[in-house]
file upload.txt (compact mmCIF, C-alpha atoms)
# COMPACT_ATOMS: atom_id res chain seq x y z
CA MET A 26 -21.59 9.11 -18.09
CA ALA A 27 -20.94 8.35 -21.76
CA ASP A 28 -17.56 6.87 -20.83
CA GLN A 29 -19.15 4.72 -18.15
CA ASN A 30 -21.80 3.51 -20.60
CA ALA A 31 -19.07 2.54 -23.07
CA LEU A 32 -17.31 0.49 -20.37
CA GLN A 33 -20.56 -1.22 -19.43
CA GLN A 34 -21.38 -2.05 -23.05
CA ALA A 35 -17.91 -3.54 -23.52
CA ILE A 36 -18.32 -5.65 -20.38
CA ASP A 37 -21.71 -6.96 -21.50
CA TYR A 38 -20.27 -7.83 -24.90
CA VAL A 39 -17.33 -9.73 -23.38
CA LEU A 40 -19.51 -11.70 -20.98
CA ASP A 41 -21.89 -12.67 -23.79
CA ARG A 42 -18.94 -13.86 -25.89
CA VAL A 43 -17.56 -15.94 -23.02
CA GLN A 44 -20.90 -17.55 -22.22
CA ALA A 45 -21.41 -18.38 -25.89
CA LYS A 46 -18.23 -20.47 -25.57
CA ASN A 47 -19.63 -22.31 -22.52
CA ALA A 48 -17.12 -20.71 -20.20
CA ALA A 49 -17.34 -18.57 -17.05
CA ALA A 50 -15.59 -15.27 -16.49
CA ASP A 51 -15.27 -12.10 -14.53
CA VAL A 52 -14.35 -8.78 -16.13
CA ILE A 53 -12.72 -5.69 -14.65
CA ALA A 54 -12.92 -2.43 -16.57
CA ASN A 55 -11.09 0.66 -15.38
CA ARG A 56 -11.02 4.23 -16.64
CA SER A 57 -8.75 6.85 -15.04
CA ASN A 58 -7.67 10.45 -15.48
CA ASN A 59 -4.37 11.62 -14.02
CA PHE A 60 -2.69 14.99 -13.66
CA SER A 61 0.82 15.67 -12.33
CA LEU A 62 3.16 18.62 -11.93
CA LYS A 63 6.83 19.01 -10.98
CA ALA A 64 9.01 22.07 -10.56
CA ASN A 65 12.67 22.70 -11.32
CA GLN A 66 14.54 25.95 -10.71
CA GLY A 67 11.37 27.97 -10.30
CA GLU A 68 9.62 26.71 -13.42
CA LEU A 69 7.34 23.82 -14.25
CA ASP A 70 9.44 20.84 -15.28
CA GLU A 71 6.49 18.55 -15.83
CA TYR A 72 2.86 19.18 -16.74
CA LYS A 73 1.36 15.82 -17.52
CA VAL A 74 -2.26 14.99 -18.26
CA THR A 75 -3.05 11.36 -19.01
CA SER A 76 -6.16 9.29 -19.32
CA GLY A 77 -6.57 5.64 -20.00
CA GLN A 78 -8.85 2.69 -19.98
CA VAL A 79 -8.29 -1.02 -19.75
CA ILE A 80 -10.58 -4.02 -19.69
CA GLY A 81 -9.44 -7.42 -18.53
CA VAL A 82 -11.08 -10.82 -18.43
CA ARG A 83 -10.41 -13.90 -16.29
CA VAL A 84 -11.85 -16.92 -18.06
CA ILE A 85 -12.46 -20.35 -16.52
CA LYS A 86 -13.29 -23.28 -18.78
CA ASP A 87 -13.00 -26.98 -17.91
CA GLN A 88 -11.36 -26.00 -14.57
CA ARG A 89 -8.60 -24.17 -16.43
CA THR A 90 -7.99 -20.44 -15.96
CA ALA A 91 -6.41 -17.72 -18.09
CA THR A 92 -6.47 -13.93 -18.30
CA SER A 93 -6.22 -11.38 -21.08
CA TYR A 94 -6.76 -7.65 -21.42
CA SER A 95 -7.30 -4.88 -23.96
CA GLU A 96 -6.79 -1.13 -23.85
CA SER A 97 -9.26 -0.68 -26.69
CA LEU A 98 -13.02 -1.14 -26.48
CA ASP A 99 -13.61 -1.73 -30.18
CA LEU A 100 -15.27 -5.05 -30.93
CA ALA A 101 -12.33 -6.54 -32.83
CA SER A 102 -10.03 -5.94 -29.85
CA LEU A 103 -12.56 -7.39 -27.43
CA ASP A 104 -12.98 -10.46 -29.65
CA LEU A 105 -9.21 -10.95 -29.72
CA MET A 106 -8.98 -10.57 -25.93
CA VAL A 107 -11.63 -13.22 -25.33
CA ASP A 108 -10.16 -15.58 -27.92
CA ASN A 109 -6.68 -15.23 -26.42
CA ALA A 110 -7.97 -16.02 -22.93
CA LEU A 111 -9.94 -19.03 -24.14
CA THR A 112 -6.96 -20.33 -26.11
CA ASN A 113 -4.65 -19.90 -23.14
CA THR A 114 -6.92 -21.93 -20.87
CA GLN A 115 -5.98 -24.97 -22.94
CA TYR A 116 -2.38 -24.64 -21.76
CA SER A 117 -3.03 -24.03 -18.06
CA GLN A 118 -3.24 -26.69 -15.39
CA GLN A 119 -6.61 -27.82 -14.13
CA ASP A 120 -7.52 -26.27 -10.80
CA PRO A 121 -10.86 -27.27 -9.25
CA TYR A 122 -10.50 -24.61 -6.54
CA GLN A 123 -10.61 -21.54 -8.78
CA ASN A 124 -14.15 -20.60 -9.79
CA ILE A 125 -16.27 -17.58 -10.60
CA SER A 126 -18.08 -17.87 -7.29
CA CYS A 127 -19.50 -14.43 -6.49
CA LEU A 128 -23.20 -14.65 -7.25
CA ASP A 129 -25.44 -11.68 -8.10
CA SER A 130 -23.40 -9.15 -6.13
CA ARG A 131 -24.66 -5.59 -6.61
CA LEU A 132 -22.32 -3.42 -4.59
CA ALA A 133 -21.14 0.15 -5.04
CA THR A 134 -18.83 2.32 -2.98
CA ILE A 135 -21.22 5.07 -1.93
CA ASP A 136 -19.14 6.66 0.84
CA PRO A 137 -19.02 10.38 -0.15
CA GLU A 138 -15.58 10.64 1.44
CA VAL A 139 -14.06 8.45 -1.28
CA TYR A 140 -15.17 10.45 -4.30
CA GLN A 141 -15.33 14.17 -3.58
CA ILE A 142 -15.90 17.01 -6.01
CA GLU A 143 -12.70 18.92 -6.78
CA THR A 144 -13.12 22.69 -6.83
CA ALA A 145 -9.48 23.82 -7.05
CA THR A 146 -8.34 25.39 -10.32
CA VAL A 147 -5.35 24.35 -12.41
CA ASP A 148 -3.68 27.65 -11.51
CA GLU A 149 -3.96 26.83 -7.81
CA LYS A 150 -2.37 23.44 -8.39
CA ILE A 151 0.48 24.97 -10.38
CA ALA A 152 1.04 27.53 -7.63
CA LEU A 153 1.27 24.75 -5.08
CA ALA A 154 3.73 22.75 -7.19
CA LEU A 155 5.99 25.79 -7.60
CA SER A 156 5.68 26.67 -3.91
CA LEU A 157 6.97 23.26 -2.85
CA GLU A 158 10.34 23.81 -4.50
CA GLN A 159 10.50 27.49 -3.60
CA GLY A 160 9.61 26.78 0.02
CA VAL A 161 12.54 24.40 0.30
CA VAL A 162 15.26 26.38 -1.49
CA SER A 163 14.37 29.59 0.35
CA LYS A 164 15.61 28.02 3.58
CA PRO A 165 19.26 28.27 4.73
CA HIS A 166 21.58 25.56 3.38
CA ALA A 167 18.80 23.94 1.32
CA THR A 168 20.55 23.78 -2.04
CA SER A 169 17.70 22.12 -3.95
CA ALA A 170 14.46 20.18 -3.82
CA PRO A 171 15.53 17.36 -6.17
CA TYR A 172 12.22 15.52 -5.82
CA ASN A 173 8.98 17.43 -5.62
CA GLY A 174 5.56 17.33 -7.17
CA PHE A 175 1.80 17.30 -7.12
CA ALA A 176 -0.44 14.61 -8.55
CA GLU A 177 -4.10 13.69 -8.63
CA SER A 178 -6.10 10.75 -9.92
CA ASP A 179 -9.75 10.18 -10.73
CA SER A 180 -10.73 6.58 -11.44
CA HIS A 181 -13.80 4.44 -12.01
CA VAL A 182 -13.93 0.65 -11.85
CA ILE A 183 -16.68 -1.74 -12.95
CA LEU A 184 -16.56 -5.42 -12.01
CA ALA A 185 -18.96 -7.96 -13.50
CA ASN A 186 -19.12 -11.71 -14.00
CA THR A 187 -21.14 -14.43 -15.65
CA GLN A 188 -22.83 -15.20 -12.32
CA GLY A 189 -24.82 -11.96 -12.33
CA THR A 190 -22.40 -9.76 -10.39
CA LEU A 191 -22.15 -6.06 -11.24
CA CYS A 192 -20.22 -3.71 -8.90
CA ASN A 193 -19.07 -0.11 -9.23
CA HIS A 194 -16.39 1.96 -7.52
CA SER A 195 -15.22 5.54 -8.06
CA GLU A 196 -12.51 7.34 -6.14
CA ARG A 197 -10.42 10.49 -6.25
CA SER A 198 -7.08 11.05 -4.56
CA THR A 199 -4.27 13.58 -4.59
CA TYR A 200 -0.87 14.06 -3.02
CA CYS A 201 2.16 16.31 -2.95
CA TYR A 202 5.73 15.90 -1.75
CA ALA A 203 9.01 17.76 -1.40
CA TYR A 204 12.54 16.55 -0.58
CA THR A 205 15.24 18.80 0.81
CA LEU A 206 18.90 18.44 -0.11
CA TYR A 207 20.67 20.09 2.82
CA GLU A 208 24.38 20.97 2.47
CA LYS A 209 26.68 22.49 5.05
CA ASP A 210 30.40 22.26 5.84
CA GLY A 211 30.98 19.71 3.10
CA LYS A 212 28.22 17.40 4.37
CA GLN A 213 24.92 16.48 2.75
CA ALA A 214 21.64 15.07 3.97
CA MET A 215 18.31 14.57 2.26
CA HIS A 216 14.82 13.87 3.52
CA GLY A 217 11.28 14.41 2.33
CA GLY A 218 7.77 15.13 3.45
CA MET A 219 4.55 13.95 1.82
CA SER A 220 0.90 14.84 2.19
CA SER A 221 -2.18 13.15 0.75
CA GLY A 222 -5.89 13.79 0.55
CA ARG A 223 -8.98 13.13 -1.45
CA VAL A 224 -9.06 16.69 -2.81
CA PHE A 225 -6.66 19.59 -3.18
CA ASN A 226 -7.67 21.56 -0.08
CA GLN A 227 -6.74 18.59 2.15
CA LEU A 228 -3.07 18.81 1.19
CA ASP A 229 -0.54 20.27 3.61
CA SER A 230 2.30 21.68 1.51
CA SER A 231 3.89 23.38 4.55
CA TYR A 232 4.32 19.99 6.20
CA CYS A 233 6.04 18.62 3.07
CA ILE A 234 8.48 21.54 3.05
CA ASN A 235 9.18 21.78 6.75
CA HIS A 236 9.31 18.10 7.65
CA GLY A 237 11.79 17.28 4.89
CA TYR A 238 13.94 20.30 5.72
CA ASP A 239 13.91 19.84 9.48
CA MET A 240 14.74 16.15 9.26
CA ALA A 241 17.55 16.66 6.72
CA GLN A 242 19.01 19.38 8.93
CA ALA A 243 18.76 17.18 12.02
CA LEU A 244 20.44 14.21 10.30
CA LEU A 245 23.30 16.20 8.74
CA ASP A 246 25.88 15.47 11.45
CA GLY A 247 24.81 11.86 11.86
CA ALA A 248 27.50 9.25 12.34
CA PRO A 249 27.68 5.55 13.17
CA ILE A 250 27.22 4.51 16.79
CA VAL A 251 28.76 1.64 18.76
CA SER A 252 27.73 -1.77 17.43
CA LYS A 253 25.47 -3.64 19.85
CA HIS A 254 21.85 -4.55 20.50
CA TYR A 255 19.49 -1.58 20.92
CA SER A 256 15.86 -1.09 21.71
CA VAL A 257 14.32 0.38 18.56
CA ILE A 258 11.30 2.51 17.72
CA PHE A 259 10.60 2.88 13.99
CA THR A 260 8.82 5.95 12.68
CA LEU A 261 5.51 5.00 11.13
CA SER A 262 6.71 5.21 7.52
CA ALA A 263 9.70 2.99 8.34
CA LEU A 264 7.52 0.53 10.26
CA SER A 265 5.06 0.40 7.36
CA SER A 266 7.89 -0.40 4.93
CA LEU A 267 9.17 -3.13 7.23
CA PHE A 268 5.78 -4.79 7.63
CA SER A 269 5.10 -4.60 3.89
CA ALA A 270 8.36 -6.45 3.19
CA PHE A 271 7.04 -9.37 5.23
CA GLY A 272 3.40 -9.12 4.16
CA MET A 273 3.60 -12.62 2.68
CA CYS A 274 3.13 -14.07 6.16
CA MET A 275 -0.48 -12.82 6.07
CA SER A 276 -1.18 -14.18 2.58
CA GLY A 277 -3.42 -17.17 2.06
CA GLN A 278 -2.10 -17.34 -1.49
CA ALA A 279 1.48 -17.69 -0.23
CA ALA A 280 0.24 -20.39 2.15
CA MET A 281 -1.44 -22.21 -0.75
CA LYS A 282 1.88 -22.13 -2.61
CA GLY A 283 3.66 -23.53 0.44
CA ILE A 284 5.96 -20.54 0.96
CA ASN A 285 4.23 -18.83 3.89
CA PRO A 286 6.15 -19.55 7.13
CA TRP A 287 2.86 -19.20 9.07
CA ARG A 288 1.00 -21.71 6.90
CA ASP A 289 0.43 -24.10 9.81
CA SER A 290 0.43 -21.55 12.63
CA LEU A 291 -3.26 -20.72 13.08
CA ASP A 292 -4.27 -20.38 16.74
CA THR A 293 -0.64 -20.38 17.84
CA LEU A 294 1.44 -17.56 19.33
CA VAL A 295 3.39 -15.92 16.50
CA ALA A 296 4.01 -12.53 18.12
CA SER A 297 4.08 -10.74 21.45
CA PRO A 298 0.74 -10.77 23.30
CA LEU A 299 0.97 -6.97 23.02
CA LEU A 300 0.41 -7.21 19.25
CA THR A 301 -3.05 -7.22 17.65
CA ILE A 302 -3.41 -6.65 13.90
CA THR A 303 -6.67 -6.28 11.95
CA ASP A 304 -7.32 -5.98 8.24
CA THR A 305 -9.99 -3.27 8.26
CA ALA A 306 -12.34 -2.45 5.38
CA HIS A 307 -13.29 1.06 6.49
CA ILE A 308 -11.54 3.65 8.60
CA ASN A 309 -12.20 7.38 8.44
CA GLY A 310 -9.72 8.96 6.03
CA GLY A 311 -8.48 5.60 4.76
CA PHE A 312 -7.29 5.31 1.17
CA SER A 313 -8.26 1.66 0.65
CA ILE A 314 -11.99 2.03 1.23
CA LYS A 315 -13.92 -0.07 -1.27
CA ALA A 316 -17.28 -1.78 -0.91
CA PHE A 317 -16.15 -4.96 -2.66
CA ASP A 318 -13.00 -6.92 -3.41
CA SER A 319 -11.78 -7.82 -6.89
CA GLU A 320 -14.24 -10.70 -7.15
CA GLY A 321 -17.29 -8.74 -6.00
CA PHE A 322 -17.53 -9.95 -2.41
CA ALA A 323 -18.40 -7.36 0.26
CA THR A 324 -15.29 -6.24 2.12
CA HIS A 325 -15.22 -6.64 5.90
CA ASP A 326 -12.84 -6.60 8.84
CA THR A 327 -10.64 -9.62 9.55
CA LEU A 328 -8.70 -10.16 12.76
CA LEU A 329 -5.28 -11.42 11.69
CA ILE A 330 -3.37 -11.48 14.95
CA GLY A 331 -5.14 -11.21 18.30
CA ASP A 332 -3.02 -10.79 21.43
CA GLY A 333 -0.10 -12.39 19.61
CA LYS A 334 -2.03 -15.40 18.25
CA LEU A 335 -2.52 -15.90 14.50
CA GLN A 336 -6.28 -15.85 13.91
CA SER A 337 -6.54 -15.74 10.11
CA LEU A 338 -4.72 -15.17 6.86
CA LEU A 339 -6.02 -13.05 3.98
CA HIS A 340 -8.02 -15.11 1.48
CA ASN A 341 -9.83 -14.86 -1.83
CA SER A 342 -12.34 -17.43 -3.04
CA HIS A 343 -9.57 -19.53 -4.61
CA THR A 344 -7.40 -19.85 -1.50
CA ALA A 345 -10.42 -20.24 0.78
CA SER A 346 -11.73 -23.10 -1.39
CA TYR A 347 -8.29 -24.73 -1.38
CA PHE A 348 -8.13 -24.74 2.42
CA GLY A 349 -11.85 -25.37 2.89
CA ILE A 350 -12.34 -22.25 5.00
CA GLU A 351 -14.25 -18.98 4.90
CA ASN A 352 -13.30 -16.35 2.31
CA THR A 353 -12.10 -13.10 3.94
CA ALA A 354 -12.96 -11.07 0.78
CA ASN A 355 -9.40 -9.97 0.11
CA GLY A 356 -9.38 -10.92 -3.55
CA SER A 357 -7.10 -8.63 -5.53
CA ARG A 358 -6.87 -8.36 -9.30
CA SER A 359 -6.10 -5.61 -11.74
CA ALA A 360 -7.57 -5.61 -15.22
CA LYS A 361 -4.22 -6.84 -16.50
CA GLY A 362 -3.50 -9.53 -13.91
CA GLY A 363 -4.55 -12.76 -12.31
CA LEU A 364 -6.29 -13.26 -8.99
CA GLY A 365 -4.29 -12.62 -5.83
CA VAL A 366 -4.85 -11.38 -2.29
CA SER A 367 -4.13 -8.04 -0.67
CA ALA A 368 -4.89 -6.17 2.52
CA ARG A 369 -7.21 -3.20 2.83
CA HIS A 370 -6.12 -1.10 5.84
CA THR A 371 -3.61 -2.76 8.14
CA ILE A 372 -4.32 -1.59 11.69
CA ILE A 373 -2.10 -2.45 14.64
CA SER A 374 -4.18 -1.86 17.75
CA ALA A 375 -3.15 0.75 20.28
CA GLY A 376 -1.68 -0.51 23.51
CA ALA A 377 -1.66 0.74 27.08
CA SER A 378 1.76 2.36 27.39
CA SER A 379 2.16 6.10 27.81
CA GLU A 380 4.59 8.17 25.75
CA ALA A 381 6.90 8.32 28.78
CA GLU A 382 6.88 4.54 29.14
CA ILE A 383 7.54 4.00 25.44
CA THR A 384 10.52 6.39 25.41
CA ALA A 385 12.08 5.57 28.79
CA GLY A 386 15.84 5.02 28.89
CA GLU A 387 18.05 4.57 25.84
CA TYR A 388 16.68 3.54 22.46
CA LEU A 389 17.22 4.12 18.77
CA GLU A 390 14.63 5.99 16.70
CA LEU A 391 14.93 4.87 13.08
CA VAL A 392 13.41 7.31 10.60
CA GLU A 393 14.71 5.91 7.31
CA LEU A 394 15.50 2.44 5.99
CA GLN A 395 17.37 1.76 2.76
CA GLY A 396 16.86 -1.28 0.52
CA VAL A 397 14.00 -2.71 2.54
CA HIS A 398 12.70 -5.22 0.01
CA SER A 399 16.10 -6.27 -1.34
CA GLY A 400 17.39 -6.73 2.21
CA ALA A 401 14.51 -8.87 3.45
CA ASP A 402 13.90 -12.62 3.16
CA ALA A 403 10.17 -13.01 3.70
CA VAL A 404 10.40 -16.78 4.16
CA SER A 405 13.13 -16.93 6.79
CA GLY A 406 12.34 -13.53 8.27
CA ASP A 407 15.96 -12.37 8.18
CA PHE A 408 16.64 -8.76 7.24
CA SER A 409 19.51 -6.31 6.99
CA PHE A 410 19.01 -2.67 5.97
CA GLY A 411 20.94 0.53 5.95
CA ALA A 412 19.34 2.98 8.35
CA SER A 413 19.35 6.52 9.69
CA GLY A 414 17.82 8.00 12.80
CA PHE A 415 18.59 9.22 16.27
CA LEU A 416 20.01 7.83 19.47
CA CYS A 417 17.51 8.88 22.12
CA ARG A 418 17.23 8.93 25.88
CA ASP A 419 14.01 9.46 27.82
CA GLY A 420 12.22 10.86 24.79
CA GLN A 421 14.98 13.28 23.79
CA ARG A 422 17.21 12.94 20.73
CA VAL A 423 20.80 12.74 21.94
CA GLN A 424 22.58 12.49 18.59
CA PRO A 425 21.81 11.87 14.91
CA VAL A 426 22.83 8.48 13.53
CA ARG A 427 23.77 7.59 9.96
CA GLY A 428 25.81 4.91 8.23
CA ILE A 429 24.51 2.03 10.33
CA THR A 430 22.93 -1.31 9.49
CA VAL A 431 19.95 -2.70 11.36
CA ALA A 432 19.63 -6.47 11.23
CA GLY A 433 17.45 -9.11 12.79
CA ASN A 434 14.64 -11.55 12.16
CA PHE A 435 11.16 -10.15 11.63
CA TYR A 436 9.36 -13.15 13.11
CA GLN A 437 11.53 -12.99 16.22
CA MET A 438 11.39 -9.19 16.40
CA ILE A 439 7.59 -9.08 16.70
CA LYS A 440 7.82 -11.52 19.61
CA GLU A 441 10.18 -9.20 21.46
CA ILE A 442 8.06 -6.09 21.97
CA GLU A 443 8.65 -4.04 25.10
CA ALA A 444 5.75 -1.62 24.83
CA VAL A 445 2.95 -0.40 22.55
CA SER A 446 1.70 3.17 22.88
CA SER A 447 -1.91 4.20 23.30
CA GLN A 448 -1.92 6.65 20.36
CA LEU A 449 -2.78 5.44 16.84
CA GLU A 450 -1.16 7.17 13.83
CA ASN A 451 -1.44 6.70 10.06
CA ASP A 452 1.17 6.69 7.34
CA TYR A 453 1.21 8.96 4.29
CA ASN A 454 -0.52 6.30 2.18
CA ARG A 455 -3.35 6.10 4.72
CA SER A 456 -3.41 2.32 4.54
CA PHE A 457 -1.20 1.51 7.55
CA TYR A 458 -2.21 2.56 11.05
CA ALA A 459 -0.14 1.84 14.12
CA PRO A 460 0.93 3.18 17.50
CA LYS A 461 4.58 3.55 18.46
CA ILE A 462 6.02 0.12 19.12
CA ARG A 463 9.24 -0.41 21.04
CA PHE A 464 11.13 -3.53 19.99
CA SER A 465 13.45 -4.86 22.66
CA ARG A 466 16.67 -5.74 20.87
CA LEU A 467 17.82 -5.37 17.31
CA ASN A 468 21.37 -5.75 16.15
CA ILE A 469 22.91 -2.44 15.06
CA ALA A 470 26.21 -2.51 13.18
CA GLY A 471 27.94 0.83 13.40
CA LYS A 472 31.52 1.37 14.47

call {"tool": "encode", "arguments": {"input": "upload.txt", "output": "structure tokens"}}
result
Amino acid sequence: MADQNALQQAIDYVLDRVQAKNAAADVIANRSNNFSLKANQGELDEYKVTSGQVIGVRVIKDQRTATSYSESLDLASLDLMVDNALTNTQYSQQDPYQNISCLDSRLATIDPEVYQIETATVDEKIALALSLEQGVVSKPHATSAPYNGFAESDSHVILANTQGTLCNHSERSTYCYAYTLYEKDGKQAMHGGMSSGRVFNQLDSSYCINHGYDMAQALLDGAPIVSKHYSVIFTLSALSSLFSAFGMCMSGQAAMKGINPWRDSLDTLVASPLLTITDTAHINGGFSIKAFDSEGFATHDTLLIGDGKLQSLLHNSHTASYFGIENTANGSRSAKGGLGVSARHTIISAGASSEAEITAGEYLELVELQGVHSGADAVSGDFSFGASGFLCRDGQRVQPVRGITVAGNFYQMIKEIEAVSSQLENDYNRSFYAPKIRFSRLNIAGK
């Protein structure tokens, strides 16, 4: 409580200083505590405890905006932060669309799911970290667990502005992971498993160990397949990575900058009618639950694509003002940065196809993509990634596949969907939810 009071006092001081200079501002103050462990050859290789705080201000004066931040709450540092921001406004371009526009918001994330009391001891966490590595290397042909670990974070955020807004958010999260390096007959394969939760007892270390091991073992004898077009089903983690690489198409900020290919596509068909995507504020177990966005507006659901038609982009107050439309409350700003937009939970709606329909005939199941962001052009939609997975037939894996390249165009790919399953799944980060989606034809370069 003393720490929280110190943050609040610093915020009040900064806002008073800004208003004394006839300017407007919002302030984000964050305090976090982090703990992480890693194992190597049966011993702890990392035991790291860190804590930090940062306060950042976005100042608007004479329609000019600038940001500044400080990691110290002493008055001299806060004075310097405010002075730097005010000085920098003089060198920024005038922008009548960016304002401190959230009035008298008093929101707090009160969902007990988001901030739970941790009862596990440090010894239990150390035992788990050591068990991750040991669980891997105790298996046949698993020579090491080169990447493994446990981590937890406890954070508190206060957002306030000169328009009377004061919002609070606290959350706790934890995760663990283990990768298996599998070696046999001169061949190597590596894969990992990850588990996340709000508190320690929600973690599934056995899944981390077994999933990584089983997948590495299954991929070991993978080889390139004949080059041609294949129907493709991405595992959820791979599909999440692919969609994140092209997330700009949902950004109102990218549209404002003129680089969003869907800038003028509202109410038009941009995807298969089988595809519906919603930005959702709250879903049970979600890791992006927050009562307010980074400006203080109440978060809510936004339909982005409905039956293939583009219904909305993600907006903050700046982009919404620019386009003269409603704000979707997707403002995103860290204490150290400027105002942007970001999604909460991306949910692709379940379809009507059964598992048998989704997996009928021949298709390629891709479980891993390499170089996703470097191999993607978000403006044109073109992509080319290294990939690994399995050639499948009628739901059964026929052979492992490695050393291939999957290429195509994202904006064309989402128009060519054969089927969407009726079962929703979530990724490890618990921010992307989707059913299995079968894409009709992607170019696979193999042999």

call {"tool": "closest_residue", "arguments": {"input": "upload.txt", "among": "A:Asn186, A:Ser169, A:Asn58, A:Asn109", "to": "Gln33 in chain A", "atoms": "all atoms listed in the file"}}
result
A:Asn186

call {"tool": "residues_around", "arguments": {"input": "upload.txt", "residues": "Gly174 in chain A", "least_positions_apart": "6", "cutoff": "10 Å", "atoms": "only C-alpha atoms", "output": "ChimeraX atom specification"}}
result
/A:61-65,69-71,151,153-158,200-204,219

call {"tool": "residues_around", "arguments": {"input": "upload.txt", "residues": "Ala470 in chain A", "least_positions_apart": "5", "cutoff": "7 Å", "atoms": "all atoms listed in the file", "output": "MDAnalysis selection string"}}
result
chainID A and resid 252:253 429:431

call {"tool": "closest_residue", "arguments": {"input": "upload.txt", "among": "A:Val43, A:Ile462, A:Val423, A:Leu394", "to": "Ser378 in chain A", "atoms": "only C-alpha atoms"}}
result
A:Ile462

call {"tool": "residues_around", "arguments": {"input": "upload.txt", "residues": "Gln242 in chain A", "least_positions_apart": "3", "cutoff": "12 Å", "atoms": "all atoms listed in the file", "output": "list in words"}}
result
Val161, Lys164, Pro165, His166, Ala167, Thr168, Tyr204, Thr205, Leu206, Tyr207, Glu208, Lys209, Lys212, Gln213, Ala214, Met215, His216, Gly217, Asn235, His236, Gly237, Tyr238, Asp239, Leu245, Asp246, Gly247 and Pro425 of chain A

call {"tool": "atom_distance", "arguments": {"input": "upload.txt", "atom1": "CA of Gly428 in chain A", "atom2": "CA of Pro460 in chain A"}}
result
26.6 Å

call {"tool": "atom_distance", "arguments": {"input": "upload.txt", "atom1": "CA of Thr90 in chain A", "atom2": "CA of Ser117 in chain A"}}
result
6.5 Å

call {"tool": "closest_residue", "arguments": {"input": "upload.txt", "among": "A:Ala248, A:Val224, A:Leu291, A:Ala50", "to": "Thr190 in chain A", "atoms": "all atoms listed in the file"}}
result
A:Ala50

call {"tool": "residues_around", "arguments": {"input": "upload.txt", "residues": "range 416-418 of chain A", "least_positions_apart": "3", "cutoff": "9 Å", "atoms": "all atoms listed in the file", "output": "mmCIF file with C-alpha atoms, keeping the file's coordinate frame"}}
result
data_model
loop_
_atom_site.group_PDB
_atom_site.id
_atom_site.type_symbol
_atom_site.label_atom_id
_atom_site.label_comp_id
_atom_site.auth_asym_id
_atom_site.auth_seq_id
_atom_site.Cartn_x
_atom_site.Cartn_y
_atom_site.Cartn_z
ATOM 1 C CA ILE A 250 27.220 4.510 16.790
ATOM 2 C CA THR A 384 10.520 6.390 25.410
ATOM 3 C CA ALA A 385 12.080 5.570 28.790
ATOM 4 C CA GLY A 386 15.840 5.020 28.890
ATOM 5 C CA GLU A 387 18.050 4.570 25.840
ATOM 6 C CA TYR A 388 16.680 3.540 22.460
ATOM 7 C CA LEU A 389 17.220 4.120 18.770
ATOM 8 C CA GLU A 390 14.630 5.990 16.700
ATOM 9 C CA LEU A 391 14.930 4.870 13.080
ATOM 10 C CA GLN A 421 14.980 13.280 23.790
ATOM 11 C CA ARG A 422 17.210 12.940 20.730
ATOM 12 C CA VAL A 423 20.800 12.740 21.940
ATOM 13 C CA GLN A 424 22.580 12.490 18.590
ATOM 14 C CA PRO A 425 21.810 11.870 14.910
ATOM 15 C CA VAL A 426 22.830 8.480 13.530
#

call {"tool": "closest_residue", "arguments": {"input": "upload.txt", "among": "A:Thr344, A:Asn55, A:Gln336, A:Thr353", "to": "Lys282 in chain A", "atoms": "only C-alpha atoms"}}
result
A:Thr344

call {"tool": "atom_distance", "arguments": {"input": "upload.txt", "atom1": "CA of Pro249 in chain A", "atom2": "CA of Tyr232 in chain A"}}
result
28.3 Å

call {"tool": "closest_residue", "arguments": {"input": "upload.txt", "among": "A:Gln88, A:Gln119, A:Thr187, A:Asn226", "to": "Thr144 in chain A", "atoms": "all atoms listed in the file"}}
result
A:Asn226

call {"tool": "residues_around", "arguments": {"input": "upload.txt", "residues": "Leu32 in chain A", "least_positions_apart": "4", "cutoff": "8 Å", "atoms": "all atoms listed in the file", "output": "number ranges by chain"}}
result
A: 28, 36, 54-55, 98, 183

call {"tool": "closest_residue", "arguments": {"input": "upload.txt", "among": "A:Ala381, A:Ile125, A:Ser163, A:Asp99", "to": "Ile234 in chain A", "atoms": "only C-alpha atoms"}}
result
A:Ser163
